[in-house]
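Data from my_file13.cif: mmCIF, C-alpha atoms and all ligand atoms
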data_data
#
loop_
_atom_site.label_atom_id
_atom_site.label_comp_id
_atom_site.auth_asym_id
_atom_site.auth_seq_id
_atom_site.Cartn_x
_atom_site.Cartn_y
_atom_site.Cartn_z
CA MET A 439 142.24 133.38 95.50
CA THR A 440 144.35 135.33 93.12
CA SER A 441 145.17 133.69 89.85
CA ALA A 442 147.81 134.75 87.38
CA THR A 443 145.42 134.25 84.50
CA ALA A 444 142.40 136.05 85.94
CA PRO A 445 141.44 139.28 84.21
CA VAL A 446 142.59 142.42 85.98
CA VAL A 447 138.99 143.67 86.01
CA ARG A 448 135.74 141.77 85.71
CA THR A 449 132.29 143.08 86.43
CA VAL A 450 129.13 141.02 86.39
CA ASN A 451 125.80 142.77 85.88
CA LEU A 452 127.11 145.82 87.72
CA VAL A 453 124.38 148.24 88.74
CA LYS A 454 124.42 151.64 90.43
CA ILE A 455 121.22 153.43 91.31
CA TYR A 456 121.56 156.75 93.12
CA GLN A 457 118.72 158.01 95.26
CA ASN A 458 118.04 161.64 94.52
CA GLY A 459 115.64 162.86 97.17
CA GLY A 460 113.82 159.53 97.05
CA VAL A 461 113.87 159.40 93.26
CA PRO A 462 115.99 156.52 91.91
CA VAL A 463 118.58 157.63 89.36
CA PRO A 464 119.98 154.61 87.52
CA ALA A 465 123.55 155.57 86.61
CA VAL A 466 124.98 152.15 85.67
CA ARG A 467 122.57 149.50 84.47
CA GLY A 468 123.97 146.02 84.19
CA VAL A 469 127.55 146.38 82.95
CA ASP A 470 129.54 143.25 82.14
CA LEU A 471 133.11 144.29 81.52
CA THR A 472 136.30 142.25 81.39
CA VAL A 473 139.73 143.85 81.09
CA GLU A 474 142.73 141.58 80.62
CA GLU A 475 146.20 142.24 81.88
CA GLY A 476 147.97 144.80 79.70
CA GLU A 477 144.82 146.03 77.98
CA PHE A 478 144.13 149.71 77.45
CA VAL A 479 140.38 150.34 77.48
CA ALA A 480 138.83 153.72 76.75
CA ILE A 481 135.32 154.44 77.97
CA MET A 482 133.39 157.03 76.01
CA GLY A 483 129.82 158.25 76.02
CA PRO A 484 127.75 161.39 76.51
CA SER A 485 127.69 163.41 79.70
CA GLY A 486 125.62 161.63 82.32
CA SER A 487 125.98 158.20 80.70
CA GLY A 488 127.60 156.72 83.83
CA LYS A 489 131.30 156.79 82.93
CA SER A 490 132.54 158.32 86.18
CA THR A 491 130.17 156.20 88.24
CA LEU A 492 131.50 153.04 86.60
CA ILE A 493 135.16 153.89 87.01
CA HIS A 494 134.62 155.03 90.62
CA MET A 495 133.07 151.67 91.44
CA LEU A 496 136.05 149.89 89.85
CA GLY A 497 138.28 151.79 92.26
CA GLY A 498 136.05 151.25 95.26
CA LEU A 499 135.24 154.94 95.54
CA ASP A 500 131.53 154.36 95.17
CA THR A 501 129.50 151.36 96.27
CA ARG A 502 127.52 149.26 93.85
CA THR A 503 123.78 148.73 94.11
CA GLY A 504 123.97 145.30 92.49
CA GLY A 505 126.27 142.92 90.67
CA GLU A 506 129.87 141.91 91.22
CA ILE A 507 133.32 143.42 90.81
CA TRP A 508 136.42 141.25 90.62
CA LEU A 509 140.00 142.52 90.53
CA ASP A 510 142.79 140.07 89.74
CA GLY A 511 140.53 137.14 90.46
CA THR A 512 139.38 138.42 93.84
CA ARG A 513 135.87 139.57 94.53
CA VAL A 514 136.08 143.14 95.81
CA ASP A 515 132.58 144.62 95.79
CA THR A 516 132.01 143.11 99.22
CA LEU A 517 135.12 144.69 100.77
CA SER A 518 134.92 147.19 103.61
CA GLU A 519 136.08 150.76 103.05
CA SER A 520 139.31 150.12 104.91
CA ALA A 521 140.03 146.98 102.91
CA TRP A 522 139.44 148.99 99.76
CA ALA A 523 141.87 151.63 100.97
CA VAL A 524 144.56 148.98 101.37
CA LEU A 525 143.78 147.46 97.98
CA ARG A 526 143.92 150.83 96.25
CA ARG A 527 147.23 151.62 97.84
CA LYS A 528 148.66 148.33 96.63
CA LYS A 529 147.13 147.97 93.22
CA ILE A 530 145.34 150.99 91.80
CA GLY A 531 146.41 154.38 90.51
CA PHE A 532 143.49 156.77 90.18
CA VAL A 533 143.23 160.02 88.25
CA PHE A 534 139.98 161.71 89.21
CA GLN A 535 137.92 163.99 87.04
CA PHE A 536 138.53 166.68 89.65
CA PHE A 537 142.16 165.93 90.57
CA ASN A 538 141.97 165.56 94.38
CA LEU A 539 145.51 166.67 95.15
CA VAL A 540 146.37 167.22 98.79
CA ALA A 541 146.18 171.02 99.07
CA ASN A 542 148.72 171.58 101.83
CA MET A 543 151.42 169.41 100.30
CA THR A 544 153.80 170.36 97.51
CA VAL A 545 153.56 168.83 94.06
CA ALA A 546 156.61 166.69 94.86
CA ASP A 547 155.08 165.36 98.07
CA ASN A 548 151.76 164.66 96.37
CA VAL A 549 153.49 162.51 93.78
CA GLU A 550 155.78 160.75 96.24
CA LEU A 551 153.13 159.96 98.81
CA PRO A 552 151.61 156.82 97.23
CA ALA A 553 155.02 155.22 96.72
CA LEU A 554 156.05 156.04 100.28
CA LEU A 555 152.81 154.62 101.64
CA ALA A 556 153.46 151.46 99.66
CA GLY A 557 156.86 151.09 101.26
CA ALA A 558 159.25 152.55 98.68
CA SER A 559 162.38 154.16 100.08
CA ALA A 560 162.51 157.96 100.15
CA ARG A 561 165.23 157.86 97.55
CA GLU A 562 163.26 155.60 95.24
CA ALA A 563 160.07 157.65 95.64
CA ARG A 564 161.98 160.79 94.82
CA ARG A 565 163.58 159.25 91.75
CA ARG A 566 160.22 158.14 90.37
CA ARG A 567 158.71 161.52 91.11
CA GLU A 568 161.47 163.35 89.26
CA GLU A 569 161.16 161.11 86.22
CA LEU A 570 157.38 161.39 86.04
CA LEU A 571 157.27 165.16 86.53
CA ASP A 572 159.95 165.44 83.89
CA ALA A 573 157.98 163.29 81.42
CA LEU A 574 154.95 165.52 81.96
CA GLY A 575 156.75 168.84 81.61
CA LEU A 576 156.43 169.71 85.30
CA THR A 577 160.04 169.66 86.41
CA GLY A 578 160.03 173.26 87.58
CA ARG A 579 156.80 172.91 89.57
CA ALA A 580 157.88 170.34 92.15
CA ASP A 581 157.91 172.79 95.06
CA ALA A 582 154.65 174.52 94.18
CA ALA A 583 151.41 173.99 96.08
CA PRO A 584 148.51 172.62 94.03
CA ALA A 585 146.64 175.93 94.36
CA GLN A 586 149.51 177.65 92.57
CA LEU A 587 149.06 175.45 89.51
CA SER A 588 146.75 175.75 86.54
CA GLY A 589 144.01 173.16 86.11
CA GLY A 590 146.02 171.43 83.42
CA GLU A 591 149.13 171.33 85.58
CA GLN A 592 147.16 169.88 88.48
CA GLN A 593 145.77 167.28 86.15
CA ARG A 594 149.23 166.19 85.07
CA VAL A 595 150.40 166.05 88.68
CA ALA A 596 147.44 163.79 89.40
CA LEU A 597 148.56 161.46 86.59
CA ALA A 598 152.13 161.44 87.89
CA ARG A 599 150.82 160.57 91.33
CA ALA A 600 148.68 157.75 89.95
CA LEU A 601 151.64 156.22 88.10
CA ALA A 602 154.20 156.75 90.86
CA ASN A 603 153.30 153.47 92.46
CA GLN A 604 153.52 151.34 89.33
CA PRO A 605 149.93 150.28 89.91
CA ARG A 606 148.51 146.99 88.70
CA LEU A 607 145.60 149.02 87.30
CA LEU A 608 145.49 152.64 86.20
CA LEU A 609 142.02 154.19 86.35
CA ALA A 610 141.70 157.67 84.88
CA ASP A 611 138.66 159.90 84.50
CA GLU A 612 139.26 162.34 81.65
CA PRO A 613 142.99 162.73 82.26
CA THR A 614 143.32 165.22 79.39
CA GLY A 615 140.08 167.10 80.02
CA ASN A 616 141.79 170.39 80.85
CA LEU A 617 144.89 170.19 78.72
CA ASP A 618 145.99 172.08 75.64
CA SER A 619 147.29 170.03 72.75
CA ARG A 620 150.93 170.20 73.77
CA HIS A 621 150.26 168.86 77.23
CA THR A 622 147.76 166.36 75.91
CA ASN A 623 150.66 165.09 73.81
CA ASP A 624 152.82 164.73 76.93
CA VAL A 625 150.09 162.70 78.61
CA LEU A 626 149.50 160.58 75.52
CA ARG A 627 153.18 159.86 75.17
CA LEU A 628 153.46 158.79 78.80
CA LEU A 629 150.34 156.61 78.61
CA GLY A 630 151.69 155.03 75.43
CA GLN A 631 155.01 154.30 77.10
CA VAL A 632 153.60 152.68 80.21
CA HIS A 633 151.04 150.79 78.15
CA ALA A 634 153.74 149.43 75.85
CA LYS A 635 155.39 148.01 78.95
CA GLY A 636 152.25 146.21 80.06
CA GLN A 637 150.38 148.75 82.17
CA THR A 638 146.66 147.92 82.32
CA ILE A 639 144.66 151.11 81.77
CA VAL A 640 140.95 151.91 81.97
CA LEU A 641 140.24 155.52 81.19
CA VAL A 642 137.27 157.73 80.52
CA THR A 643 137.69 160.25 77.75
CA HIS A 644 135.84 162.53 75.39
CA ASP A 645 138.96 162.95 73.29
CA ALA A 646 139.16 160.84 70.14
CA ARG A 647 142.94 161.16 70.14
CA VAL A 648 143.13 159.57 73.57
CA ALA A 649 140.67 156.85 72.59
CA CYS A 650 142.76 156.11 69.50
CA MET A 651 145.59 154.94 71.72
CA ALA A 652 143.38 152.34 73.37
CA ASP A 653 143.06 148.67 72.38
CA ARG A 654 139.33 148.83 72.98
CA VAL A 655 136.76 151.59 73.03
CA ILE A 656 133.63 151.02 75.06
CA ASN A 657 130.67 153.28 74.55
CA LEU A 658 128.26 153.85 77.38
CA LEU A 659 124.77 155.18 76.89
CA ASP A 660 122.32 155.56 79.76
CA GLY A 661 124.46 153.35 81.96
CA GLN A 662 124.77 150.48 79.52
CA ILE A 663 127.51 149.33 77.17
CA VAL A 664 126.19 149.90 73.66
CA ASP A 665 129.42 149.23 71.82
CA ASP A 666 132.66 147.44 72.67
CA ALA A 667 135.13 147.60 69.82
CA ASP A 668 138.59 146.14 69.57
CA ILE A 669 140.36 148.78 67.55
CA THR A 670 143.84 147.32 67.42
CA PRO A 671 144.95 143.77 67.04
CA ARG A 672 146.34 142.52 70.34
CA ARG A 673 150.02 143.18 70.39
CA SER A 674 152.32 140.93 72.23
CA ARG A 675 153.74 142.98 75.02
CA SER A 676 156.61 142.68 77.34
CA ARG A 677 155.44 141.68 80.76
CA GLY A 678 158.04 143.89 82.40
CA SER A 679 157.05 146.48 84.93
CA ALA A 680 155.41 149.56 83.53
CA TRP A 681 158.12 151.36 85.34
CA ASP A 682 160.99 150.09 83.20
CA VAL A 683 160.23 152.51 80.41
CA ILE A 684 160.20 155.48 82.74
CA GLU A 685 163.56 154.38 84.02
CA LEU A 686 164.87 154.36 80.50
CA HIS A 687 163.40 157.77 79.94
CA GLY A 688 165.55 159.34 82.60
N1 LIG A 701 126.13 161.47 93.82
C1 LIG A 701 125.11 161.40 92.96
N2 LIG A 701 123.83 161.46 93.35
C2 LIG A 701 122.81 161.36 92.49
N3 LIG A 701 122.96 161.18 91.17
C3 LIG A 701 124.20 161.12 90.70
C4 LIG A 701 125.36 161.22 91.55
N4 LIG A 701 126.48 161.10 90.79
C5 LIG A 701 126.05 160.95 89.53
N5 LIG A 701 124.69 160.96 89.45
C6 LIG A 701 123.87 160.77 88.24
O1 LIG A 701 124.25 159.55 87.64
C7 LIG A 701 124.30 159.67 86.22
C8 LIG A 701 125.69 159.31 85.72
O2 LIG A 701 126.62 160.27 86.19
P1 LIG A 701 128.18 160.19 85.86
O3 LIG A 701 128.86 161.22 86.68
O4 LIG A 701 128.61 158.78 86.03
O5 LIG A 701 128.19 160.56 84.32
P2 LIG A 701 129.45 160.77 83.32
O6 LIG A 701 129.21 159.85 82.17
O7 LIG A 701 130.71 160.63 84.06
O8 LIG A 701 129.25 162.28 82.85
P3 LIG A 701 130.35 163.43 82.48
O9 LIG A 701 130.80 163.11 81.07
O10 LIG A 701 129.55 164.69 82.53
O11 LIG A 701 131.44 163.38 83.48
C9 LIG A 701 123.87 161.10 85.92
O12 LIG A 701 122.50 161.07 85.65
C10 LIG A 701 124.15 161.84 87.20
O13 LIG A 701 123.29 162.93 87.35
MG MG A 702 132.24 162.00 84.55
#
The structure in this file should be written as structure tokens.
Amino acid sequence: MTSATAPVVRTVNLVKIYQNGGVPVPAVRGVDLTVEEGEFVAIMGPSGSGKSTLIHMLGGLDTRTGGEIWLDGTRVDTLSESAWAVLRRKKIGFVFQFFNLVANMTVADNVELPALLAGASAREARRRREELLDALGLTGRADAAPAQLSGGEQQRVALARALANQPRLLLADEPTGNLDSRHTNDVLRLLGQVHAKGQTIVLVTHDARVACMADRVINLLDGQIVDDADITPRRSRSRGSAWDVIELHG
């Protein structure tokens, strides 16, 4: 039951309690979060407040202890791991806090892989890859292996990979955490472009400049939302594919 009007993300009393040698560690404690199509939500909060745990659960990378997760009107917290894998491939682009590039594949192959898995032609996947690497200042690094890149370069490759598939939902955990200001600007510009075209984004950040681009900033403290502020009036956005703007870019 997918509905066109359902929020892209909805959580109901979402809870995650880790067990640390028999000691319960509550990481997320009853989060109710709704993200509408086209919204850009920044999640902030101190280290250990549950930001990564929350965003991992939204991408099915960690299981919940309690509560519900709905994506596009479909309940997903009950899905099996393999069903999650299919859903992620179809709908979600994920930038991890620690990159997770495939070590024995080139930068180009890392970025093209999600689009190829989703059924794009080799030519199309290559075109998207070239445009994204270009937008992120990585044109010359396409044939490098991830280990030959700096942390900041790897991070930008991870963002290119997450966007390559024109995902319904972009989830990003500190996508500028390792970047200098110039490359942060590249990332901000790209996020702004895809957002302007309707890309739904939920990202974790410590960087006020990144948060400033968001429509909403959510503050987590000890696993709970303590503040949820709309910082920009809702703009009316084109419902075109987030990809259109990248196409124009090239
Ligand atoms: N695999 C795990 N096992 C046990 N406890 C965990 C695990 N992962 C996270 N935690 C605990 O859950 C809490 C939330 O961690 P989380 O990684 O979500 O924080 P964060 O807000 O992303 O922090 P940071 O800003 O440092 O990335 C912390 O107390 C952390 O120690
Ligand atoms: Mg984290």
Sorted per-residue table, chain A near ligand MG 702 (chain A), closest atoms and distance, 10 Å, all atoms listed in the file, as CSV:
residue,atom,partner,partner_atom,distance
A:Met482,CA,A:MG702,MG,9.9
A:Gly483,CA,A:MG702,MG,9.6
A:Pro484,CA,A:MG702,MG,9.2
A:Ser485,CA,A:MG702,MG,6.8
A:Gly486,CA,A:MG702,MG,7.0
A:Ser487,CA,A:MG702,MG,8.3
A:Gly488,CA,A:MG702,MG,7.1
A:Lys489,CA,A:MG702,MG,5.5
A:Ser490,CA,A:MG702,MG,4.0
A:Thr491,CA,A:MG702,MG,7.2
A:Leu492,CA,A:MG702,MG,9.2
A:Ile493,CA,A:MG702,MG,9.0
A:His494,CA,A:MG702,MG,9.5
A:Phe534,CA,A:MG702,MG,9.0
A:Gln535,CA,A:MG702,MG,6.5
A:Phe536,CA,A:MG702,MG,9.4
A:Asp611,CA,A:MG702,MG,6.8
A:Glu612,CA,A:MG702,MG,7.6
A:Val642,CA,A:MG702,MG,7.7
A:Thr643,CA,A:MG702,MG,8.9
A:His644,CA,A:MG702,MG,9.9
Atoms to include: C-alpha atoms. Write the selected residues as a PDB file, keeping the file's coordinate frame.
ATOM      1  CA  MET A 482     133.390 157.030  76.010  1.00  0.00           C
ATOM      2  CA  GLY A 483     129.820 158.250  76.020  1.00  0.00           C
ATOM      3  CA  PRO A 484     127.750 161.390  76.510  1.00  0.00           C
ATOM      4  CA  SER A 485     127.690 163.410  79.700  1.00  0.00           C
ATOM      5  CA  GLY A 486     125.620 161.630  82.320  1.00  0.00           C
ATOM      6  CA  SER A 487     125.980 158.200  80.700  1.00  0.00           C
ATOM      7  CA  GLY A 488     127.600 156.720  83.830  1.00  0.00           C
ATOM      8  CA  LYS A 489     131.300 156.790  82.930  1.00  0.00           C
ATOM      9  CA  SER A 490     132.540 158.320  86.180  1.00  0.00           C
ATOM     10  CA  THR A 491     130.170 156.200  88.240  1.00  0.00           C
ATOM     11  CA  LEU A 492     131.500 153.040  86.600  1.00  0.00           C
ATOM     12  CA  ILE A 493     135.160 153.890  87.010  1.00  0.00           C
ATOM     13  CA  HIS A 494     134.620 155.030  90.620  1.00  0.00           C
ATOM     14  CA  PHE A 534     139.980 161.710  89.210  1.00  0.00           C
ATOM     15  CA  GLN A 535     137.920 163.990  87.040  1.00  0.00           C
ATOM     16  CA  PHE A 536     138.530 166.680  89.650  1.00  0.00           C
ATOM     17  CA  ASP A 611     138.660 159.900  84.500  1.00  0.00           C
ATOM     18  CA  GLU A 612     139.260 162.340  81.650  1.00  0.00           C
ATOM     19  CA  VAL A 642     137.270 157.730  80.520  1.00  0.00           C
ATOM     20  CA  THR A 643     137.690 160.250  77.750  1.00  0.00           C
ATOM     21  CA  HIS A 644     135.840 162.530  75.390  1.00  0.00           C
TER      22      HIS A 644
END
Could you check which residues have any atom within 10 Å of (133.3, 145.0, 80.8), counting all atoms listed in the file with coordinates taken straight from the file, and then list them as a PyMOL selection string? chain A and resi 447-452+468-473+479+656+663+666
Spatial sel., origin (152.7, 173.1, 97.0), limit 9 Å, all atoms listed in the file, listed as a ChimeraX atom specification: /A:540-548,579-587
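Between atom CA of A:Phe478 and atom CA of A:Asp645 the interatomic distance comes to 14.8 Å.
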Restricting the calculation to only C-alpha atoms and all ligand atoms, which member of A:Asp515, A:Glu475, A:Glu506, A:Asp500 is positioned closest to ligand LIG 701 (chain A)? A:Asp500
What is the distance between atom C4 of ligand LIG 701 (chain A) and atom CA of A:Ala521, in Å to one decimal?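 Result for atom C4 of ligand LIG 701 (chain A) versus atom CA of A:Ala521: 23.4 Å, one decimal.
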Figure out the distance between atom CA of A:Phe532 and atom CA of A:Ala556, please, to one decimal in Å.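 A separation of 14.7 Å between them.
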Let me make sure I understand: among A:Ser559, A:Gln637, A:Asn603, A:Thr622, which one has the smallest atom-to-atom distance to A:Lys529 if we use only C-alpha atoms?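 Going through A:Ser559, A:Gln637, A:Asn603, A:Thr622 one by one, the smallest distance to A:Lys529 is for A:Asn603.
If all atoms listed in the file are the atoms counted, then among A:Gly615, A:Gly630, A:Gly590, A:Gly497 the closest residue to ligand LIG 701 (chain A) is A:Gly615.
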Around all of stretch 579-583 of chain A's listed atoms, make the axis-aligned box with 3 Å on each side and tell me centre and edge lengths in Å to one decimal, as lines of an AutoDock Vina configuration file.
center_x = 154.7
center_y = 172.4
center_z = 92.8
size_x = 12.5
size_y = 10.2
size_z = 12.5
A:Leu628, A:Ala646, A:Leu607, A:Ala563: which is nearest A:Glu474, counting all atoms listed in the file?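 Nearest to A:Glu474: A:Leu607.
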If we count only C-alpha atoms and set the cut-off at 12 Å, which residues sit around A:Thr638, ignoring sequence neighbours fewer than 4 positions away in its own chain? Please answer as an mmCIF file with C-alpha atoms, in the frame of the given file.
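The resulting file, out-v2.cif, is shown below:
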data_model
loop_
_atom_site.group_PDB
_atom_site.id
_atom_site.type_symbol
_atom_site.label_atom_id
_atom_site.label_comp_id
_atom_site.auth_asym_id
_atom_site.auth_seq_id
_atom_site.Cartn_x
_atom_site.Cartn_y
_atom_site.Cartn_z
ATOM 1 C CA PRO A 445 141.440 139.280 84.210
ATOM 2 C CA VAL A 446 142.590 142.420 85.980
ATOM 3 C CA VAL A 447 138.990 143.670 86.010
ATOM 4 C CA THR A 472 136.300 142.250 81.390
ATOM 5 C CA VAL A 473 139.730 143.850 81.090
ATOM 6 C CA GLU A 474 142.730 141.580 80.620
ATOM 7 C CA GLU A 475 146.200 142.240 81.880
ATOM 8 C CA GLY A 476 147.970 144.800 79.700
ATOM 9 C CA GLU A 477 144.820 146.030 77.980
ATOM 10 C CA PHE A 478 144.130 149.710 77.450
ATOM 11 C CA VAL A 479 140.380 150.340 77.480
ATOM 12 C CA ALA A 480 138.830 153.720 76.750
ATOM 13 C CA LEU A 509 140.000 142.520 90.530
ATOM 14 C CA ASP A 510 142.790 140.070 89.740
ATOM 15 C CA LYS A 529 147.130 147.970 93.220
ATOM 16 C CA ILE A 530 145.340 150.990 91.800
ATOM 17 C CA GLY A 531 146.410 154.380 90.510
ATOM 18 C CA LEU A 601 151.640 156.220 88.100
ATOM 19 C CA GLN A 604 153.520 151.340 89.330
ATOM 20 C CA PRO A 605 149.930 150.280 89.910
ATOM 21 C CA ARG A 606 148.510 146.990 88.700
ATOM 22 C CA LEU A 607 145.600 149.020 87.300
ATOM 23 C CA LEU A 608 145.490 152.640 86.200
ATOM 24 C CA LEU A 609 142.020 154.190 86.350
ATOM 25 C CA ALA A 610 141.700 157.670 84.880
ATOM 26 C CA LEU A 629 150.340 156.610 78.610
ATOM 27 C CA GLY A 630 151.690 155.030 75.430
ATOM 28 C CA GLN A 631 155.010 154.300 77.100
ATOM 29 C CA VAL A 632 153.600 152.680 80.210
ATOM 30 C CA HIS A 633 151.040 150.790 78.150
ATOM 31 C CA ALA A 634 153.740 149.430 75.850
ATOM 32 C CA ALA A 652 143.380 152.340 73.370
ATOM 33 C CA ASP A 653 143.060 148.670 72.380
ATOM 34 C CA ARG A 654 139.330 148.830 72.980
ATOM 35 C CA ARG A 675 153.740 142.980 75.020
ATOM 36 C CA ARG A 677 155.440 141.680 80.760
ATOM 37 C CA SER A 679 157.050 146.480 84.930
ATOM 38 C CA ALA A 680 155.410 149.560 83.530
#
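Restricting the calculation to all atoms listed in the file, the smallest distance between ligand LIG 701 (chain A) and any of A:Gly511, A:Gly498, A:Gly557, A:Pro462 is found for A:Pro462.
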Counting all atoms listed in the file, the option among A:Leu554, A:Val461, A:Cys650, A:Ala444 closest to A:Trp508: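 For A:Trp508, the nearest of the candidates is A:Ala444.
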Nearby residues (only C-alpha atoms) at most 12 Å from A:Asn623, same-chain spacing under 6 positions excluded, as a PyMOL selection string: chain A and resi 573-575+594+613-614+617+629-630+645+647-648+651
